[in-house]
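Everything below belongs to model.cif, which stores mmCIF, C-alpha atoms.
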data_query
loop_
_atom_site.label_atom_id
_atom_site.label_comp_id
_atom_site.auth_asym_id
_atom_site.auth_seq_id
_atom_site.Cartn_x
_atom_site.Cartn_y
_atom_site.Cartn_z
CA MET I 23 -5.42 -19.44 -1.25
CA ASN I 24 -3.43 -18.76 -4.44
CA ARG I 25 -4.85 -17.92 -7.86
CA TRP I 26 -4.60 -21.45 -9.21
CA GLU I 27 -6.52 -22.83 -6.23
CA ARG I 28 -9.19 -20.16 -6.65
CA LEU I 29 -9.59 -21.17 -10.29
CA LEU I 30 -10.36 -24.73 -9.20
CA ILE I 31 -13.35 -23.65 -7.13
CA GLN I 32 -15.07 -21.66 -9.88
CA GLY I 33 -17.87 -24.23 -10.05
CA ARG I 34 -18.65 -23.93 -6.35
CA ILE I 35 -18.58 -20.13 -6.53
CA TRP I 36 -21.02 -20.27 -9.44
CA ARG I 37 -23.48 -22.43 -7.48
CA VAL I 38 -23.25 -20.19 -4.42
CA ALA I 39 -23.69 -17.05 -6.53
CA LEU I 40 -26.85 -18.32 -8.19
CA ALA I 41 -28.27 -19.59 -4.88
CA GLU I 42 -27.77 -16.14 -3.35
CA LYS I 43 -30.25 -14.53 -5.78
CA ALA I 44 -28.58 -11.17 -5.18
CA ASP I 45 -29.69 -7.94 -6.83
CA VAL I 46 -26.07 -6.99 -7.62
CA TYR I 47 -22.94 -9.14 -7.79
CA HIS I 48 -19.66 -7.45 -6.88
CA LEU I 49 -16.48 -9.06 -8.29
CA GLN I 50 -12.98 -8.25 -7.05
CA ASP I 51 -10.80 -10.90 -8.70
CA PRO I 52 -10.02 -10.92 -12.44
CA GLU I 53 -10.38 -14.71 -12.64
CA LEU I 54 -14.05 -14.21 -11.74
CA VAL I 55 -14.74 -12.08 -14.83
CA PRO I 56 -15.97 -15.09 -16.87
CA LEU I 57 -18.30 -15.98 -14.01
CA GLY I 58 -19.54 -12.38 -14.00
CA PHE I 59 -20.25 -12.63 -17.73
CA MET I 60 -22.27 -15.81 -17.15
CA LEU I 61 -24.24 -14.00 -14.45
CA LYS I 62 -25.01 -11.31 -17.03
CA VAL I 63 -26.27 -14.01 -19.41
CA PHE I 64 -28.69 -15.01 -16.62
CA GLY I 65 -29.90 -11.41 -16.37
CA LYS I 66 -27.97 -10.39 -13.26
CA LYS I 67 -26.36 -7.01 -12.52
CA VAL I 68 -22.58 -7.14 -12.09
CA VAL I 69 -20.04 -4.66 -10.72
CA TYR I 70 -16.31 -5.25 -11.28
CA ASP I 71 -13.96 -3.81 -8.63
CA VAL I 72 -10.50 -3.69 -10.30
CA HIS I 73 -7.49 -3.44 -7.98
CA GLU I 74 -4.74 -4.41 -10.39
CA ASP I 75 -3.62 -4.11 -13.99
CA LEU I 76 -4.08 -7.74 -15.02
CA HIS I 77 -1.75 -7.53 -18.03
CA GLU I 78 1.15 -6.04 -16.05
CA ASP I 79 0.49 -8.26 -13.06
CA ILE I 80 0.85 -11.47 -15.08
CA LEU I 81 4.16 -10.27 -16.52
CA ILE I 82 5.79 -10.22 -13.07
CA LYS I 83 4.38 -13.49 -11.72
CA ASP I 84 7.21 -15.94 -11.05
CA TYR I 85 4.83 -18.92 -11.00
CA VAL I 86 3.94 -18.25 -14.65
CA PRO I 87 6.63 -19.68 -16.99
CA ARG I 88 8.45 -16.89 -18.82
CA THR I 89 7.76 -18.47 -22.20
CA ILE I 90 4.00 -17.96 -21.87
CA ARG I 91 3.82 -14.76 -19.80
CA TYR I 92 3.40 -12.35 -22.74
CA PRO I 93 0.82 -14.38 -24.69
CA LEU I 94 -1.08 -15.18 -21.48
CA ALA I 95 -1.02 -11.53 -20.43
CA PHE I 96 -2.28 -10.44 -23.85
CA ILE I 97 -5.09 -13.01 -24.00
CA SER I 98 -6.17 -12.32 -20.39
CA ASP I 99 -6.23 -8.59 -21.06
CA VAL I 100 -8.39 -9.01 -24.16
CA VAL I 101 -10.82 -11.36 -22.39
CA GLU I 102 -11.09 -9.06 -19.36
CA LYS I 103 -11.85 -6.01 -21.50
CA LEU I 104 -14.29 -7.85 -23.74
CA LEU I 105 -16.35 -9.56 -21.04
CA SER I 106 -16.38 -6.65 -18.58
CA ARG I 107 -17.92 -4.40 -21.23
CA SER I 108 -21.30 -5.89 -20.37
CA PHE I 109 -21.05 -5.10 -16.64
CA GLU I 110 -23.13 -2.36 -15.04
CA ALA I 111 -20.11 -0.62 -13.51
CA ILE I 112 -16.32 -0.82 -13.41
CA LEU I 113 -14.67 0.43 -10.22
CA PRO I 114 -10.91 0.78 -10.85
CA ALA I 115 -8.64 1.62 -7.92
CA THR I 116 -6.54 4.16 -9.87
CA ASP I 117 -6.82 6.50 -12.83
CA GLY I 118 -4.24 4.38 -14.67
CA ILE I 119 -6.39 1.27 -14.42
CA ALA I 120 -9.49 3.29 -15.31
CA ALA I 121 -7.91 4.21 -18.67
CA LYS I 122 -8.04 0.52 -19.65
CA PHE I 123 -11.83 0.50 -19.34
CA ASN I 124 -12.76 3.67 -21.21
CA HIS I 125 -14.82 1.46 -23.54
CA CYS I 126 -17.20 0.57 -20.69
CA LYS I 127 -20.42 2.44 -20.00
CA ARG I 128 -19.86 3.35 -16.32
CA VAL I 129 -16.34 3.70 -14.89
CA ILE I 130 -15.91 5.22 -11.43
CA VAL I 131 -12.50 5.40 -9.77
CA LEU I 132 -12.78 3.96 -6.25
CA ARG I 133 -9.47 4.37 -4.46
CA ASN I 134 -8.42 1.81 -1.87
CA TYR I 135 -8.01 4.04 1.18
CA PRO I 136 -7.93 2.89 4.84
CA ARG I 137 -10.86 3.08 7.21
CA LEU I 138 -10.48 5.78 9.85
CA ALA I 139 -12.15 3.58 12.45
CA GLN I 140 -9.43 0.95 12.05
CA PHE I 141 -6.80 3.48 13.12
CA ALA I 142 -8.89 5.40 15.65
CA SER I 143 -6.40 4.72 18.47
CA SER I 144 -3.26 5.27 16.37
CA GLY I 145 -2.37 8.38 18.35
CA LYS I 146 -1.97 6.30 21.51
CA ARG I 147 1.43 4.74 21.01
CA PRO I 148 2.82 2.28 23.58
CA GLN I 149 6.16 2.64 25.32
CA PRO I 150 8.70 3.09 22.50
CA HIS I 151 11.32 0.48 21.72
CA PRO I 152 14.93 1.36 22.55
CA GLU I 153 15.83 1.10 18.84
CA PHE I 154 14.50 2.89 15.76
CA ARG I 155 12.18 0.47 13.92
CA CYS I 156 10.99 0.83 10.32
CA ALA I 157 8.43 -1.59 8.90
CA TYR I 158 7.27 -3.06 5.64
CA ILE I 159 3.98 -5.02 5.62
CA GLY I 160 2.85 -6.82 2.50
CA CYS I 161 3.96 -9.29 -0.16
CA LEU I 162 7.67 -10.05 0.13
CA THR I 163 8.72 -10.12 -3.50
CA ALA I 164 11.69 -8.91 -5.51
CA VAL I 165 9.63 -6.34 -7.42
CA ARG I 166 8.49 -4.83 -4.13
CA GLY I 167 12.07 -3.96 -3.30
CA ILE I 168 12.56 -6.25 -0.32
CA SER I 169 16.17 -7.02 -1.24
CA GLU I 170 16.96 -3.31 -1.43
CA LEU I 171 15.38 -2.68 1.98
CA VAL I 172 17.52 -5.37 3.60
CA GLN I 173 20.62 -4.17 1.75
CA ALA I 174 19.94 -0.68 3.07
CA MET I 175 19.94 -2.05 6.61
CA GLY I 176 23.25 -3.75 5.89
CA SER I 177 24.84 -0.46 4.88
CA LEU I 178 23.96 1.23 8.18
CA SER I 179 26.65 1.57 10.80
CA ASP I 180 26.68 -1.11 13.48
CA THR I 181 26.57 1.67 16.06
CA MET I 182 23.21 2.83 14.73
CA ASN I 183 20.44 1.27 16.76
CA ALA I 184 17.97 0.51 13.97
CA ARG I 185 15.90 -2.51 12.95
CA LEU I 186 13.78 -3.43 9.93
CA VAL I 187 10.48 -5.19 10.64
CA LEU I 188 9.29 -7.39 7.75
CA CYS I 189 5.76 -8.78 7.75
CA GLY I 190 4.34 -10.94 5.01
CA LYS I 191 4.94 -14.07 2.98
CA PHE I 192 7.94 -14.53 0.68
CA GLU I 193 7.12 -15.18 -2.96
CA SER I 194 9.26 -18.33 -2.97
CA GLU I 195 11.62 -20.31 -0.79
CA ARG I 196 14.47 -19.41 -3.12
CA TYR I 197 13.84 -15.69 -2.77
CA GLU I 198 13.59 -16.03 1.00
CA ARG I 199 17.00 -17.73 1.06
CA ASP I 200 18.46 -14.92 -1.04
CA VAL I 201 17.10 -12.25 1.29
CA ARG I 202 18.23 -14.07 4.41
CA ALA I 203 21.75 -14.27 2.95
CA GLU I 204 22.02 -10.45 2.88
CA ASP I 205 24.11 -8.88 5.66
CA GLY I 206 21.22 -6.59 6.52
CA PHE I 207 19.04 -9.53 7.54
CA GLN I 208 20.98 -9.54 10.82
CA LYS I 209 19.23 -6.23 11.51
CA THR I 210 15.83 -7.51 10.39
CA ASP I 211 12.96 -8.92 12.43
CA PHE I 212 10.90 -11.22 10.20
CA LEU I 213 7.43 -11.72 11.68
CA GLY I 214 5.85 -13.68 8.84
CA TRP I 215 2.24 -13.24 7.79
CA VAL I 216 0.18 -10.85 9.95
CA ASP I 217 -3.63 -10.75 10.02
CA TYR I 218 -4.85 -7.42 8.63
CA ARG I 219 -6.80 -6.80 11.85
CA GLN I 220 -3.51 -6.79 13.76
CA VAL I 221 -1.82 -4.27 11.45
CA PRO I 222 -2.81 -1.11 13.41
CA ASP I 223 -1.44 -2.56 16.66
CA LEU I 224 1.77 -3.60 14.94
CA LEU I 225 2.26 -0.20 13.32
CA ALA I 226 1.85 1.41 16.73
CA THR I 227 5.13 -0.27 17.76
CA VAL I 228 7.34 1.08 14.93
CA ASP I 229 8.73 4.49 13.99
CA ALA I 230 8.40 4.61 10.18
CA GLY I 231 6.64 2.80 7.33
CA MET I 232 8.36 1.74 4.12
CA VAL I 233 7.00 1.14 0.63
CA CYS I 234 9.90 1.17 -1.82
CA VAL I 235 8.59 -0.92 -4.70
CA LEU I 236 10.52 -0.97 -7.97
CA PRO I 237 9.53 1.30 -10.89
CA LEU I 238 7.38 -1.12 -12.89
CA PRO I 239 4.57 0.32 -15.04
CA HIS I 240 1.62 -0.69 -12.82
CA PHE I 241 3.39 0.50 -9.65
CA LEU I 242 4.09 3.91 -11.20
CA VAL I 243 0.38 4.65 -11.55
CA GLY I 244 -0.85 2.70 -8.51
CA LEU I 245 -1.70 3.88 -5.02
CA PRO I 246 -0.73 1.22 -2.46
CA LEU I 247 -3.05 0.88 0.52
CA LYS I 248 -0.07 0.40 2.84
CA LEU I 249 1.16 3.92 2.10
CA PHE I 250 -2.06 5.38 3.49
CA GLU I 251 -2.16 2.87 6.35
CA TYR I 252 1.26 4.08 7.48
CA MET I 253 0.02 7.65 7.29
CA ALA I 254 -3.19 6.78 9.17
CA ALA I 255 -1.06 5.21 11.90
CA GLY I 256 0.84 8.47 12.33
CA LEU I 257 4.10 7.17 10.83
CA PRO I 258 6.48 9.03 8.54
CA VAL I 259 6.91 7.15 5.27
CA ILE I 260 9.92 6.24 3.16
CA ALA I 261 8.54 5.64 -0.32
CA SER I 262 9.50 5.25 -3.95
CA ASN I 263 10.05 8.55 -5.73
CA PHE I 264 7.33 8.01 -8.36
CA PRO I 265 5.75 11.29 -9.52
CA LEU I 266 2.27 10.38 -8.27
CA TRP I 267 3.54 9.25 -4.88
CA ARG I 268 5.91 12.20 -4.53
CA GLU I 269 3.05 14.61 -5.13
CA ILE I 270 1.01 13.06 -2.30
CA ILE I 271 3.89 12.73 0.17
CA GLU I 272 5.44 16.13 -0.42
CA SER I 273 2.10 17.96 -0.42
CA ALA I 274 1.27 16.34 2.91
CA GLY I 275 4.82 16.75 4.25
CA CYS I 276 4.67 13.22 5.64
CA GLY I 277 7.83 11.47 4.51
CA ILE I 278 10.85 11.05 2.28
CA CYS I 279 10.87 9.86 -1.34
CA VAL I 280 13.85 7.78 -2.49
CA ASP I 281 15.14 5.89 -5.49
CA PRO I 282 13.86 2.38 -4.64
CA GLN I 283 16.73 0.78 -6.56
CA ASN I 284 19.38 2.57 -4.50
CA PRO I 285 19.88 0.95 -1.06
CA MET I 286 22.26 3.74 -0.03
CA GLU I 287 19.56 6.35 -0.62
CA ILE I 288 17.07 4.28 1.37
CA ALA I 289 19.64 3.98 4.17
CA ALA I 290 20.15 7.76 4.18
CA ALA I 291 16.39 8.26 4.66
CA ILE I 292 16.37 5.77 7.54
CA ARG I 293 19.35 7.53 9.09
CA TYR I 294 17.67 10.94 8.79
CA LEU I 295 14.45 9.84 10.47
CA CYS I 296 16.40 8.04 13.18
CA ASP I 297 18.48 11.15 13.91
CA HIS I 298 15.53 13.61 13.84
CA PRO I 299 12.82 12.29 16.20
CA GLU I 300 10.92 15.59 16.37
CA GLU I 301 10.73 15.87 12.58
CA ARG I 302 9.55 12.29 12.14
CA ARG I 303 6.83 12.84 14.73
CA ALA I 304 5.75 15.98 12.88
CA MET I 305 5.73 14.06 9.57
CA GLY I 306 3.61 11.34 11.15
CA GLU I 307 1.08 13.82 12.45
CA ARG I 308 0.84 15.59 9.10
CA GLY I 309 0.28 12.25 7.37
CA ARG I 310 -2.44 11.28 9.81
CA ARG I 311 -4.16 14.61 9.26
CA ALA I 312 -4.03 14.13 5.46
CA VAL I 313 -5.72 10.72 5.78
CA ARG I 314 -8.32 12.11 8.15
CA GLU I 315 -9.15 14.92 5.73
CA ARG I 316 -8.71 13.33 2.29
CA PHE I 317 -7.39 9.79 1.98
CA ASN I 318 -9.96 7.70 3.86
CA TRP I 319 -12.53 5.07 2.95
CA GLU I 320 -15.33 6.83 4.81
CA GLU I 321 -15.34 9.50 2.08
CA GLU I 322 -14.40 7.23 -0.85
CA GLY I 323 -17.01 4.63 0.09
CA LYS I 324 -19.81 7.12 -0.52
CA LYS I 325 -19.21 6.68 -4.25
CA LEU I 326 -19.73 2.93 -3.92
CA ILE I 327 -22.98 3.40 -2.02
CA SER I 328 -24.13 5.81 -4.73
CA VAL I 329 -23.48 3.20 -7.44
CA TYR I 330 -25.49 0.58 -5.56
CA GLN I 331 -28.35 2.97 -4.91
CA GLU I 332 -28.53 3.78 -8.61
CA LEU I 333 -28.50 0.09 -9.59
CA LEU I 334 -31.05 -0.87 -6.93
CA GLY I 335 -33.35 2.06 -7.55
CA VAL I 336 -33.64 5.40 -5.79
CA GLY I 337 -34.53 5.09 -2.12
CA ARG I 338 -33.22 1.57 -1.58
CA SER I 339 -30.31 1.14 0.77
CA PRO I 340 -27.90 -1.62 -0.23
CA GLN I 341 -27.19 -4.55 2.05
CA ILE I 342 -23.61 -5.42 1.20
CA LEU I 343 -22.44 -8.97 1.89
CA ARG I 344 -18.63 -9.25 1.93
CA ASP I 345 -16.28 -12.16 2.38
CA GLU I 346 -13.20 -10.69 4.08
#
For this file, write the structure as structure tokens.
Amino acid sequence: MNRWERLLIQGRIWRVALAEKADVYHLQDPELVPLGFMLKVFGKKVVYDVHEDLHEDILIKDYVPRTIRYPLAFISDVVEKLLSRSFEAILPATDGIAAKFNHCKRVIVLRNYPRLAQFASSGKRPQPHPEFRCAYIGCLTAVRGISELVQAMGSLSDTMNARLVLCGKFESERYERDVRAEDGFQKTDFLGWVDYRQVPDLLATVDAGMVCVLPLPHFLVGLPLKLFEYMAAGLPVIASNFPLWREIIESAGCGICVDPQNPMEIAAAIRYLCDHPEERRAMGERGRRAVRERFNWEEEGKKLISVYQELLGVGRSPQILRDE
């Protein structure tokens, strides 16, 4: 369901929310902020879980006409900040997003890390494919560097036995046609949308994970879940050379950072991992260890439980209802 469709069902969400008679309402989508404010008017407690910089996100949406992107982004940003000020807690996914809400009374950074249980069997890899396979799983958009990934594949020698695995939905039919027209698409396996529950099994069949998004402001300060999912799956990563990402990847010794706008540099990283199987296995193991020790939801989620316990009263354990 896209954002416009979700906006159309606001009335139904409102009726369901009131009927629930919950102690705390947890919002994850910015279009639900007005609904959260109305819940506050009715005396409810509201928590806002912020995964994206709304202002920057609107500026890159192709379905929003260019002529209204800046005014819409500005107005949405003002409304979000104004209404969310009344909420009991703001849970931004990154420090960069948290800075936008320094006017709110309780702001706790809650990073979107993978669950260890989801990747419990990641060390048991099936029989390897005869070719080197690198994967990208997520939204297939221009700003996420999909064209550059496919161009990188096109620059590899035909004698190099390597494939790119693309999973996700293209942002538009036009962009899909553009990507398919690239020479490198001949070395690409497009699997379409993949259910998140199937991601660990899919990652177990590839040799490296890729997240080479372009250097836009909200990407520079963001921490993509897929980066840590690749690490949890025991895969070396090829990632954008943003300072924040480089610090994580180089400190863990789990991958290679590249200029995401340079397909030749991406291709060189692919070539290196393909030619050095022992090193890529060592990178994968170091990444998995880093997730096990630091970058996992089991540890991060304790902060969320603490927020709920405070809002519900000491001694009460929260019953969390989630719509996956």
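Under the PyMOL selection byres ((chain I and resi 268-278) around 7), the matching residues in the shown file are I:Pro258, I:Val259, I:Ile260, I:Ala261, I:Asn263, I:Phe264, I:Pro265, I:Leu266, I:Trp267, I:Cys279, I:Val280, I:Ala291, I:Met305, I:Gly306, I:Arg308, I:Gly309, I:Ala312.
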Practice problem: Starting from the shown file, work through the PyMOL selection byres ((chain I and resi 112-129) around 8) and note down what comes out as number ranges by chain. | Solution: I: 69-75, 103, 106-111, 130-134, 240, 243-245
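On the file presented, the PyMOL selection byres ((chain I and resi 81) around 8) picks out His77, Glu78, Asp79, Ile80, Ile82, Lys83, Arg91, Tyr92 and Ala95 of chain I.
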Just write the chosen residues, C-alpha atoms, as a short mmCIF file (atom, residue, chain, number, x, y, z; two decimals), keeping the file's coordinate frame.
data_model
loop_
_atom_site.label_atom_id
_atom_site.label_comp_id
_atom_site.auth_asym_id
_atom_site.auth_seq_id
_atom_site.Cartn_x
_atom_site.Cartn_y
_atom_site.Cartn_z
CA HIS I 77 -1.75 -7.53 -18.03
CA GLU I 78 1.15 -6.04 -16.05
CA ASP I 79 0.49 -8.26 -13.06
CA ILE I 80 0.85 -11.47 -15.08
CA ILE I 82 5.79 -10.22 -13.07
CA LYS I 83 4.38 -13.49 -11.72
CA ARG I 91 3.82 -14.76 -19.80
CA TYR I 92 3.40 -12.35 -22.74
CA ALA I 95 -1.02 -11.53 -20.43
#
Self-check item: Distance in Å - atom CA of Gln140 of chain I versus atom CA of Trp215 of chain I
Solution: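 Atom-to-atom, atom CA of Gln140 of chain I to atom CA of Trp215 of chain I, that is 18.9 Å.
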Quiz item: Suppose you want the space between atom CA of Glu153 of chain I and atom CA of Phe250 of chain I; what is it in Å?
Solution: 24.0 Å
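Nearest residue to Met232 of chain I, choosing from I:Glu193, I:Asp180, I:Glu320, I:Glu170 and counting only C-alpha atoms: I:Glu170.
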Quiz prompt | Selection as a ChimeraX atom specification: residues within 10 Å of (15.8, -7.4, -3.4), counting only C-alpha atoms | solution = /I:162-173,197-198,200-201,204,235-236,283,285
Practice problem: Quote the spacing between atom CA of Glu195 of chain I and atom CA of Ala230 of chain I in Å to one decimal place. | Solution: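 Going from atom CA of Glu195 of chain I over to atom CA of Ala230 of chain I, I get 27.4 Å.
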Taking all listed atoms of segment 91-102 of chain I, build the axis-aligned box, pad each of the six sides by 4 Å, then write its centre and edge lengths in Å to one decimal as lines of an AutoDock Vina configuration file.
center_x = -3.6
center_y = -11.9
center_z = -22.0
size_x = 22.9
size_y = 14.6
size_z = 13.3
Using all atoms listed in the file, determine which residues lie at most 6 Å from Arg155 of chain I, disregarding the query and same-chain residues fewer than 3 positions distant; provide the list as a CSV table (one decimal) with C-alpha atoms, in the coordinates of the input.
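So the final result, stored in part23.csv, reads:
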chain,number,residue,atom,x,y,z
I,184,ALA,CA,18.0,0.5,14.0
I,185,ARG,CA,15.9,-2.5,13.0
I,186,LEU,CA,13.8,-3.4,9.9
I,228,VAL,CA,7.3,1.1,14.9
I,229,ASP,CA,8.7,4.5,14.0
Quiz item: Within 12 Å of Phe154 of chain I, counting all atoms listed in the file, which residues qualify if same-chain residues fewer than 4 places away don't, as a PyMOL selection string?
Solution: chain I and resi 150+175+182-187+209-210+227-231+292-299+302
Practice problem: Give the answer as one residue: which of I:Ile35, I:Leu213, I:Leu333, I:Ile159 has the shortest atom-to-atom distance to Lys248 of chain I, using only C-alpha atoms? | Solution: I:Ile159
Exercise. Could you check which of I:Lys67, I:Leu57, I:Glu42, I:Cys156 is closest to Leu334 of chain I, using all atoms listed in the file?
Key: I:Lys67
Quiz item: With only C-alpha atoms as the atoms that count, which of I:Cys161, I:Val38, I:Val46, I:Ala142 lies nearest to Glu332 of chain I?
Solution: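 Closest to Glu332 of chain I, using only C-alpha atoms: I:Val46.
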